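Undergrad: Shown below is the structure under consideration.
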Amino acid sequence: MEQTKSGMARRVLAVLAAAALVTGFGISTAGAEERFVMVSHGSDSNVWWNTVKNGMRDASEDFSVPVDYRNPPTGDTGDMVRILEQAAARNYSGVITTVPNFEMIQKGLAGVSAKHIPLVTINGGPDLGMKLGAIMHIGQPEYEAGKAAGERAKAAGIHSFLCVNHGADIQALWDRCKGFADAIGVNYKQATIDSGEDPTVIKSKVAAYLRLHPTTQAVLALGPDQATGVLQGVNDAGMKGKIYVATFDLSPDILKAIQSGDIAFAVDQQPYLQGYLSVAALAIAIRDKTTDGAHIVAALKSDEKVKARLVKYDLKPVYTGTTVSSGPSFVTKTNITPVEKYAGTYR
């Protein structure tokens with residue numbers, strides 16, 4: 001690992017030196033000659049990513065570096081691979097990406113790796129990002145988050161559930177289902193349906209499942225838009241108030257459902273942090289000419305602009321030696337107040 005970090009550091013320094021020769025200026029702050037790109041697997045219809053983009057834009061302002069956001073309109077991972085290939089061709093100074101499928105994203109990043117462009121990964125846990133050569137990862141360890149959610153459900157007496165997976169080609173979603181299932185002691189594959197993203201389709205599939213499996217105690221949604229379809233399906237099956245519903249991620253509608261008791265809790269991965277801290281980490285890496293994760297984390301923790309954003313939006317990252325965990329935290333009826341003001345925009 002140390003050899004990998006050292007090699008990466010030399011490559012970044014070479015890129016920085018070349019940039020300084022081309023522009024005729026030394027690089028004292030990220031932004032003067034830099035441009036980053038963030039590539040996500042989020043579809044155009046998935047509004048959850050708006051909060052990530054808000055964090056990206058704020059960091060772009062705070063660190064004076066322009067950042068482009070690109071995504072496959074339908075969420076297709078193959079399209080995402082092509083976007084990453086285009087990013088390498090456009091010679092961005094830094095790349096931020098999600099890793100919905102390791103093998104496919106590794107293929108998409110071949111040009112980024114060949115050009116030694118600094119990489120930061122976001123969303124999900126750090127393992128896959130580090131395998132891709134990322135200098136930093138900001139996200140939520142998904143299996144652990146699912147397991148923590150399942151432990152909450154188990155404490156409430158749950159021992160059977162349905163996991164509504166809206167992205168069957170996204171490993172992180174399977175990890176959420178498996179973690180929850182392991183916590184309550186069931187087979188996650190037998191408890192999971194492939195629902196797609198459309199809330200109307202989700203409503204029909206959930207209602208049909210619950211009619212066929214009337215002893216199901218809980219339903220786990222893996223995103224806020226999908227949770228809306230889940231609630232409608234529970235209602236159509238005549239089981240409102242009889243099913244324990246939980247979801248990942250927040251939106252104004254999810255908070256209303258928590259307040260009303262229709263949803264027991266939401267797992268909050270603080271998506272703003274994924275957008276903001278990834279851009280900040282890249283900017284610091286270039287400014288300080290480093291790929292050392294510990295150095296970047298220390299700089300994030302001490303930066304006054306970063307601290308101001310965290311205080312303003314009541315955000316709580318967990319800093320480790322070389323990565324940042326943005327979750328999980330849990331939003332329930334008892335702690336919802338600080339979140340309500342910014343849900344869907346900064347939370």
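Every chain in the structure tokens takes a letter, A first, then B, and so on in the order presented; its residues are numbered from 1, and the ligands are numbered from 1 following the presented order.
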Write out as a list of chain:residue names the residues lying within 6 Å of stretch 116-119 of chain A, counting only C-alpha atoms and excluding same-chain residues fewer than 5 positions away.
TA: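 Non-adjacent residues within range: A:Arg11, A:Gly94, A:Val95, A:Ile96, A:Ala134.
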Undergrad: Identify, on the basis of only C-alpha atoms, every residue whose closest approach to A:Pro199 does not exceed 8 Å; exclude the query and any residue fewer than 4 positions from it along the same chain; express the result as a PyMOL selection string.
TA: chain A and resi 203+225-230
Undergrad: Where does DSSP see alpha helix (DSSP H) in stretch 121-229 of chain A, if you list the residues as number ranges by chain?
TA: A: 126-131, 142-155, 171-184, 199-212, 224-229
Undergrad: Do you know which residues are at most 9 Å from A:Asp182 counting only C-alpha atoms, after dropping those on the same chain fewer than 4 positions away, and could you put them as a list in words?
TA: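 These residues fall inside the cut-off: Gly146, Lys147, Gly150, Cys177, Lys178, Val186, Asn187 and Tyr188 of chain A.
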Undergrad: Taking the DSSP secondary structure from the backbone, can you list the residues of stretch 272-336 of chain A that are strand (DSSP E or B), as a list in words?
TA: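 So, restricting stretch 272-336 of chain A to strand (DSSP E or B), we get Val318, Tyr319, Val324, Ser325, Ser329, Phe330 and Val331 of chain A.
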Undergrad: Put those residues in a file: N, CA and C atoms, as a CSV table (one decimal), in the first residue's frame.
TA:
```
chain,number,residue,atom,x,y,z
A,318,VAL,N,-17.5,11.4,10.3
A,318,VAL,CA,-16.7,10.7,11.2
A,318,VAL,C,-15.3,10.5,10.5
A,319,TYR,N,-14.3,11.2,10.9
A,319,TYR,CA,-13.0,11.2,10.3
A,319,TYR,C,-12.2,10.0,10.9
A,324,VAL,N,-13.3,9.3,5.3
A,324,VAL,CA,-14.4,10.0,6.0
A,324,VAL,C,-15.7,9.2,5.9
A,325,SER,N,-16.3,8.9,7.0
A,325,SER,CA,-17.6,8.2,6.9
A,325,SER,C,-18.7,9.3,7.1
A,329,SER,N,-26.3,7.7,10.3
A,329,SER,CA,-27.0,8.2,11.5
A,329,SER,C,-28.4,7.9,11.2
A,330,PHE,N,-29.2,8.0,12.3
A,330,PHE,CA,-30.6,7.6,12.2
A,330,PHE,C,-31.5,8.8,12.6
A,331,VAL,N,-32.5,9.0,11.7
A,331,VAL,CA,-33.5,10.1,12.0
A,331,VAL,C,-34.8,9.4,12.4
```
Undergrad: Using only C-alpha atoms, which protein or nucleic acid residues come within 10 Å of A:Leu210? Drop anything in the same chain fewer than 6 positions from it, and give the result as a list in words.
TA: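 With the cut-off at 10 Å, the set is Leu162, Thr216, Gln217, Ala218, Val219, Gly233, Val234, Asp236, Ala237, Gly238, Met239 and Ile243 of chain A.
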Undergrad: With only C-alpha atoms as the atoms that count, which of A:Lys242, A:Lys189, A:Lys307, A:Lys107 lies nearest to A:Ala168?
TA: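 Closest to A:Ala168, using only C-alpha atoms: A:Lys189.
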Undergrad: Between A:Asp44, A:Glu85, A:Glu340, A:Glu142, which is the closest to A:Trp174 once you count only C-alpha atoms?
TA: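 Looking at the shortest contact to A:Trp174, the residue is A:Glu142.
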Undergrad: Restricting the calculation to only C-alpha atoms, which member of A:Asn46, A:Ser260, A:Ser64, A:Asn54 is positioned closest to A:Pro224?
TA: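 Selected residue with least distance to A:Pro224: A:Asn46.
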Undergrad: Which residue is closest to A:Leu255? Choose from A:Leu231, A:Ala183, A:Ala299, A:Ala343 and count only C-alpha atoms.
TA: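 Smallest distance to A:Leu255 is found for A:Ala343.
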Undergrad: Please indicate the distance in Å from atom CA of A:Tyr346 to atom CA of A:Gly55, rounded to one decimal place.
TA: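 Here the two named atoms are 7.2 Å from each other.
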Undergrad: My list of candidates is A:Val81, A:Leu282, A:Ala59, A:Leu250. Which is closest to A:His137 when distances are computed with only C-alpha atoms?
TA: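 So, comparing all the options, the nearest one is A:Leu282.
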Undergrad: Which distance in Å separates atom CA of A:Phe161 and atom CA of A:Thr51, to one decimal?
TA: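 According to the coordinates, atom CA of A:Phe161 and atom CA of A:Thr51 are separated by 29.0 Å.
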